[in-house]
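Shown here: model-v5.cif, mmCIF, C-alpha atoms, pLDDT in the B column; chains and numbers go by the auth columns.
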data_model
loop_
_atom_site.group_PDB
_atom_site.id
_atom_site.type_symbol
_atom_site.label_atom_id
_atom_site.label_comp_id
_atom_site.label_asym_id
_atom_site.label_seq_id
_atom_site.Cartn_x
_atom_site.Cartn_y
_atom_site.Cartn_z
_atom_site.B_iso_or_equiv
_atom_site.auth_seq_id
_atom_site.auth_asym_id
ATOM 1 C CA MET A 1 88.639 86.435 140.483 39.00 1 A
ATOM 2 C CA LYS A 2 87.102 83.555 142.309 44.00 2 A
ATOM 3 C CA ILE A 3 87.898 82.797 145.904 43.00 3 A
ATOM 4 C CA GLU A 4 89.288 79.404 144.890 41.00 4 A
ATOM 5 C CA GLU A 5 92.138 81.194 143.122 42.00 5 A
ATOM 6 C CA TYR A 6 93.318 82.427 146.522 44.00 6 A
ATOM 7 C CA ASN A 7 93.069 79.064 148.211 44.00 7 A
ATOM 8 C CA HIS A 8 96.668 78.046 147.467 44.00 8 A
ATOM 9 C CA ASP A 9 98.089 74.949 149.153 47.00 9 A
ATOM 10 C CA ASN A 10 94.713 74.276 150.760 51.00 10 A
ATOM 11 C CA ASN A 11 95.092 77.274 153.054 69.00 11 A
ATOM 12 C CA GLU A 12 91.671 78.208 154.353 91.00 12 A
ATOM 13 C CA VAL A 13 90.231 81.560 153.278 96.00 13 A
ATOM 14 C CA GLU A 14 87.011 83.296 154.248 97.00 14 A
ATOM 15 C CA VAL A 15 85.102 86.291 152.934 98.00 15 A
ATOM 16 C CA ILE A 16 83.516 89.181 154.838 98.00 16 A
ATOM 17 C CA TYR A 17 82.204 92.543 153.656 98.00 17 A
ATOM 18 C CA PHE A 18 82.725 95.901 155.394 98.00 18 A
ATOM 19 C CA ALA A 19 80.861 99.142 154.707 98.00 19 A
ATOM 20 C CA GLY A 20 82.405 102.257 156.212 97.00 20 A
ATOM 21 C CA GLY A 21 81.529 105.238 154.056 95.00 21 A
ATOM 22 C CA CYS A 22 83.251 105.873 150.744 93.00 22 A
ATOM 23 C CA LEU A 23 84.726 102.557 149.637 95.00 23 A
ATOM 24 C CA TRP A 24 87.938 104.090 148.280 94.00 24 A
ATOM 25 C CA GLY A 25 89.416 104.661 151.723 96.00 25 A
ATOM 26 C CA VAL A 26 87.956 101.521 153.252 97.00 26 A
ATOM 27 C CA GLN A 27 89.604 99.397 150.550 97.00 27 A
ATOM 28 C CA GLU A 28 92.916 101.257 150.829 97.00 28 A
ATOM 29 C CA PHE A 29 93.012 100.647 154.601 98.00 29 A
ATOM 30 C CA LEU A 30 91.807 97.031 154.642 98.00 30 A
ATOM 31 C CA LYS A 31 94.029 95.717 151.851 97.00 31 A
ATOM 32 C CA TYR A 32 97.179 96.140 153.962 97.00 32 A
ATOM 33 C CA LEU A 33 95.941 94.285 157.038 98.00 33 A
ATOM 34 C CA PRO A 34 97.718 91.100 158.092 96.00 34 A
ATOM 35 C CA GLY A 35 95.999 88.007 156.715 97.00 35 A
ATOM 36 C CA VAL A 36 94.085 89.874 154.004 98.00 36 A
ATOM 37 C CA SER A 37 94.898 88.405 150.594 97.00 37 A
ATOM 38 C CA LYS A 38 92.496 90.414 148.409 97.00 38 A
ATOM 39 C CA THR A 39 89.994 93.237 148.563 98.00 39 A
ATOM 40 C CA GLU A 40 87.392 94.341 146.057 98.00 40 A
ATOM 41 C CA ALA A 41 85.227 97.459 146.000 97.00 41 A
ATOM 42 C CA GLY A 42 81.526 96.770 145.642 97.00 42 A
ATOM 43 C CA ARG A 43 77.942 97.209 146.739 97.00 43 A
ATOM 44 C CA ALA A 44 76.161 95.168 149.373 98.00 44 A
ATOM 45 C CA ASN A 45 72.494 94.277 149.690 97.00 45 A
ATOM 46 C CA GLY A 46 71.035 96.319 146.874 96.00 46 A
ATOM 47 C CA LEU A 47 68.167 95.028 144.779 96.00 47 A
ATOM 48 C CA THR A 48 69.854 94.844 141.368 94.00 48 A
ATOM 49 C CA ASP A 49 72.910 93.152 139.886 94.00 49 A
ATOM 50 C CA SER A 50 74.116 96.251 138.080 92.00 50 A
ATOM 51 C CA THR A 51 76.092 99.376 138.853 94.00 51 A
ATOM 52 C CA LYS A 52 74.212 101.111 136.038 94.00 52 A
ATOM 53 C CA SER A 53 70.841 101.263 137.808 88.00 53 A
ATOM 54 C CA SER A 54 69.630 104.103 140.009 90.00 54 A
ATOM 55 C CA TYR A 55 70.178 103.802 143.770 94.00 55 A
ATOM 56 C CA ASP A 56 68.560 100.551 144.903 95.00 56 A
ATOM 57 C CA GLY A 57 69.273 100.484 148.642 96.00 57 A
ATOM 58 C CA TYR A 58 72.861 99.223 148.483 97.00 58 A
ATOM 59 C CA THR A 59 75.701 100.327 150.723 97.00 59 A
ATOM 60 C CA GLU A 60 79.212 100.868 149.408 97.00 60 A
ATOM 61 C CA CYS A 61 81.367 98.060 150.766 98.00 61 A
ATOM 62 C CA VAL A 62 84.642 96.227 150.447 98.00 62 A
ATOM 63 C CA LYS A 63 84.818 92.477 149.964 98.00 63 A
ATOM 64 C CA VAL A 64 87.682 91.111 152.062 98.00 64 A
ATOM 65 C CA ILE A 65 89.242 87.714 151.418 98.00 65 A
ATOM 66 C CA PHE A 66 91.322 86.702 154.418 98.00 66 A
ATOM 67 C CA SER A 67 93.074 83.794 156.068 97.00 67 A
ATOM 68 C CA PRO A 68 91.517 82.998 159.468 96.00 68 A
ATOM 69 C CA ASN A 69 94.801 81.266 160.339 95.00 69 A
ATOM 70 C CA VAL A 70 96.457 84.720 160.304 96.00 70 A
ATOM 71 C CA VAL A 71 93.682 87.110 161.343 97.00 71 A
ATOM 72 C CA ASN A 72 90.321 86.289 162.883 97.00 72 A
ATOM 73 C CA VAL A 73 86.998 88.030 162.352 97.00 73 A
ATOM 74 C CA ASN A 74 87.155 89.841 165.710 97.00 74 A
ATOM 75 C CA GLU A 75 90.557 91.271 164.824 98.00 75 A
ATOM 76 C CA LEU A 76 89.283 92.411 161.412 98.00 76 A
ATOM 77 C CA ILE A 77 86.310 94.092 163.073 98.00 77 A
ATOM 78 C CA GLY A 78 88.677 95.780 165.526 98.00 78 A
ATOM 79 C CA TYR A 79 90.710 97.158 162.629 98.00 79 A
ATOM 80 C CA PHE A 80 87.505 98.272 160.892 98.00 80 A
ATOM 81 C CA PHE A 81 86.441 100.205 163.986 98.00 81 A
ATOM 82 C CA GLU A 82 89.670 102.219 163.708 97.00 82 A
ATOM 83 C CA ILE A 83 88.385 103.870 160.520 98.00 83 A
ATOM 84 C CA ILE A 84 84.672 104.396 161.181 98.00 84 A
ATOM 85 C CA ASP A 85 82.494 106.536 163.387 97.00 85 A
ATOM 86 C CA PRO A 86 80.252 103.737 164.705 98.00 86 A
ATOM 87 C CA TYR A 87 77.668 106.218 166.046 98.00 87 A
ATOM 88 C CA SER A 88 77.027 108.011 162.761 97.00 88 A
ATOM 89 C CA ILE A 89 73.906 107.150 160.780 97.00 89 A
ATOM 90 C CA ASP A 90 74.294 107.294 156.982 97.00 90 A
ATOM 91 C CA LYS A 91 77.410 109.474 157.199 96.00 91 A
ATOM 92 C CA GLN A 92 81.176 108.987 157.346 97.00 92 A
ATOM 93 C CA GLY A 93 83.356 112.058 156.970 93.00 93 A
ATOM 94 C CA GLU A 94 81.949 114.316 154.265 93.00 94 A
ATOM 95 C CA ASP A 95 80.042 111.431 152.676 93.00 95 A
ATOM 96 C CA VAL A 96 76.338 111.606 153.491 96.00 96 A
ATOM 97 C CA GLY A 97 73.542 109.303 152.390 97.00 97 A
ATOM 98 C CA LYS A 98 72.156 105.811 152.942 97.00 98 A
ATOM 99 C CA LYS A 99 74.811 104.268 150.672 97.00 99 A
ATOM 100 C CA TYR A 100 77.473 105.469 153.150 97.00 100 A
ATOM 101 C CA ARG A 101 76.033 103.677 156.178 97.00 101 A
ATOM 102 C CA THR A 102 78.320 101.415 158.172 98.00 102 A
ATOM 103 C CA GLY A 103 77.851 97.684 158.124 98.00 103 A
ATOM 104 C CA ILE A 104 79.313 94.224 158.404 98.00 104 A
ATOM 105 C CA TYR A 105 77.923 91.602 156.024 98.00 105 A
ATOM 106 C CA SER A 106 78.649 87.946 155.446 98.00 106 A
ATOM 107 C CA LYS A 107 77.191 84.733 154.109 98.00 107 A
ATOM 108 C CA GLN A 108 78.634 82.964 157.169 97.00 108 A
ATOM 109 C CA SER A 109 76.447 83.208 160.257 97.00 109 A
ATOM 110 C CA SER A 110 79.536 82.748 162.453 97.00 110 A
ATOM 111 C CA HIS A 111 80.906 86.079 161.162 98.00 111 A
ATOM 112 C CA LEU A 112 77.639 87.844 161.985 98.00 112 A
ATOM 113 C CA LYS A 113 77.541 86.297 165.461 98.00 113 A
ATOM 114 C CA SER A 114 81.136 87.411 166.054 98.00 114 A
ATOM 115 C CA ALA A 115 80.281 90.959 164.937 98.00 115 A
ATOM 116 C CA THR A 116 77.254 91.076 167.239 98.00 116 A
ATOM 117 C CA ARG A 117 79.334 89.800 170.173 98.00 117 A
ATOM 118 C CA PHE A 118 82.120 92.283 169.378 98.00 118 A
ATOM 119 C CA ILE A 119 79.693 95.198 169.572 98.00 119 A
ATOM 120 C CA ASN A 120 77.741 93.876 172.570 98.00 120 A
ATOM 121 C CA CYS A 121 80.966 93.564 174.588 97.00 121 A
ATOM 122 C CA ARG A 122 81.753 97.261 174.151 98.00 122 A
ATOM 123 C CA ASP A 123 80.829 99.812 176.812 98.00 123 A
ATOM 124 C CA ASP A 124 79.235 101.971 174.115 98.00 124 A
ATOM 125 C CA ALA A 125 77.201 99.159 172.497 98.00 125 A
ATOM 126 C CA ASP A 126 73.915 101.021 172.970 98.00 126 A
ATOM 127 C CA LYS A 127 75.200 103.916 170.808 98.00 127 A
ATOM 128 C CA ILE A 128 76.613 101.850 167.924 98.00 128 A
ATOM 129 C CA VAL A 129 74.588 101.908 164.689 98.00 129 A
ATOM 130 C CA VAL A 130 76.721 99.547 162.543 98.00 130 A
ATOM 131 C CA GLU A 131 74.453 97.256 160.538 98.00 131 A
ATOM 132 C CA ILE A 132 75.129 93.526 160.932 98.00 132 A
ATOM 133 C CA LEU A 133 73.278 91.554 158.275 98.00 133 A
ATOM 134 C CA PRO A 134 73.575 88.518 156.047 98.00 134 A
ATOM 135 C CA LEU A 135 74.949 89.348 152.617 98.00 135 A
ATOM 136 C CA LEU A 136 72.018 88.900 150.260 97.00 136 A
ATOM 137 C CA ASN A 137 73.439 90.578 147.166 97.00 137 A
ATOM 138 C CA TYR A 138 76.866 91.783 146.111 98.00 138 A
ATOM 139 C CA VAL A 139 77.837 93.692 142.985 97.00 139 A
ATOM 140 C CA LYS A 140 81.454 94.460 142.137 97.00 140 A
ATOM 141 C CA SER A 141 82.036 98.189 141.593 95.00 141 A
ATOM 142 C CA ASP A 142 83.202 99.453 138.218 92.00 142 A
ATOM 143 C CA GLU A 143 86.958 99.322 137.532 92.00 143 A
ATOM 144 C CA GLU A 144 87.350 103.071 138.084 90.00 144 A
ATOM 145 C CA HIS A 145 86.611 102.457 141.791 92.00 145 A
ATOM 146 C CA GLN A 146 88.941 99.477 142.284 95.00 146 A
ATOM 147 C CA GLU A 147 92.158 100.359 144.146 94.00 147 A
ATOM 148 C CA ARG A 148 91.238 104.018 143.549 93.00 148 A
ATOM 149 C CA LEU A 149 93.506 105.560 146.208 93.00 149 A
ATOM 150 C CA SER A 150 96.460 103.411 145.160 91.00 150 A
ATOM 151 C CA ARG A 151 96.118 104.791 141.644 93.00 151 A
ATOM 152 C CA PHE A 152 95.130 108.353 142.654 93.00 152 A
ATOM 153 C CA PRO A 153 96.538 108.942 146.151 92.00 153 A
ATOM 154 C CA ASN A 154 95.439 112.584 146.239 92.00 154 A
ATOM 155 C CA ASP A 155 91.743 111.815 145.665 92.00 155 A
ATOM 156 C CA TYR A 156 89.337 112.550 148.499 90.00 156 A
ATOM 157 C CA CYS A 157 89.312 110.186 151.454 94.00 157 A
ATOM 158 C CA HIS A 158 87.401 110.553 154.698 93.00 158 A
ATOM 159 C CA ILE A 159 89.991 108.487 156.591 95.00 159 A
ATOM 160 C CA PRO A 160 92.876 110.582 157.944 93.00 160 A
ATOM 161 C CA LYS A 161 96.184 109.890 156.127 90.00 161 A
ATOM 162 C CA LYS A 162 97.940 108.916 159.382 92.00 162 A
ATOM 163 C CA ILE A 163 95.413 106.080 159.828 95.00 163 A
ATOM 164 C CA LEU A 164 94.898 105.162 156.161 95.00 164 A
ATOM 165 C CA HIS A 165 98.317 103.499 155.777 95.00 165 A
ATOM 166 C CA LYS A 166 98.881 102.563 159.413 95.00 166 A
ATOM 167 C CA TYR A 167 99.398 98.882 158.493 95.00 167 A
ATOM 168 C CA LYS A 168 101.039 99.316 155.096 93.00 168 A
#

Here is the file; what I need is its structure written in the form of structure tokens.
Amino acid sequence: MKIEEYNHDNNEVEVIYFAGGCLWGVQEFLKYLPGVSKTEAGRANGLTDSTKSSYDGYTECVKVIFSPNVVNVNELIGYFFEIIDPYSIDKQGEDVGKKYRTGIYSKQSSHLKSATRFINCRDDADKIVVEILPLLNYVKSDEEHQERLSRFPNDYCHIPKKILHKYK
């Protein structure tokens, strides 16, 4: 669905992309946050426009459509940091590999500046390895990955259950 479909009554919406390991858990957590109107599982910054190609450098991510009048980018990043290990390179939980790296991506430079400021203001900023980059390419994941943990709640998830539905 297009972002315009969520822009009811001229309410402003924005889009940001979060990568935090396996996208199943990241989507399940993010979709319940205040101000989030839609999430979609996908791939960020790969080289192809297909999920059928071999690994092309992408990271698993979740597209988040949100209302900045309800939740701002800094708050979303704060929530995101509740579910990731920001010091881990190419690994979250049992998921290991470059496609499981952590990252924040956007087409809006203001989002990237906010993410950089958020990290730089932390006492542990020098240890954080979360990628902050412009979104250059996005591919929606296949339907089997959309809302996966809502449909199959007992599937694997690297996010502890007590945190996964904290905001549900």

Pull out every residue that the PyMOL selection byres ((chain A and resi 115-118) around 10) matches in the shown coordinates and put them as a VMD selection string.
-> chain A and resid 73 to 78 103 to 105 109 to 114 119 to 122 125 130 to 133

Please identify all polymer residues within 7 Å of Phe66 of chain A, counting all atoms listed in the file, omitting same-chain residues fewer than 3 positions from it, and present them as a VMD selection string.
-> chain A and resid 13 to 15 35 to 37

For Ile65 of chain A, which residue out of A:Glu40, A:Glu147, A:Asp123, A:Asp142 is the nearest one, using only C-alpha atoms?
-> A:Glu40

Go through A:Tyr17, A:Phe80, A:Phe29, A:Tyr100 and flag the residue nearest Pro160 of chain A, using all atoms listed in the file for the distances.
->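 Among the listed residues, A:Phe29 lies closest to Pro160 of chain A.
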
Expanded to explicit residues, what is the PyMOL selection byres ((chain A and resi 20) around 6) for this file, as a list in words?
->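 Listing what the PyMOL selection byres ((chain A and resi 20) around 6) selects in the shown file: Ala19, Gly21, Ile84 and Thr102 of chain A.
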
What are the closest atom pairs, with distances in Å to one decimal, for each residue of segment 73-161 of chain A lying within 9 Å of segment 44-49 of chain A, using all atoms listed in the file, rows by chain and rising residue number, as a tab-separated table?
residue	atom	partner	partner_atom	distance
A:Tyr105	CA	A:Ala44	CA	7.7
A:Pro134	CA	A:Asn45	CA	8.6
A:Leu135	CA	A:Asn45	CA	6.2
A:Leu136	CA	A:Asn45	CA	5.4
A:Asn137	CA	A:Asn45	CA	4.6
A:Tyr138	CA	A:Ala44	CA	4.8
A:Val139	CA	A:Asp49	CA	5.8
A:Lys140	CA	A:Asp49	CA	8.9

Within 8 Å of Val129 of chain A, counting only C-alpha atoms, which residues qualify if same-chain residues fewer than 3 places away don't, as a list in words?
->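 Listed by chain and then number, they are Pro86, Tyr87, Ser88, Ile89 and Thr102 of chain A.
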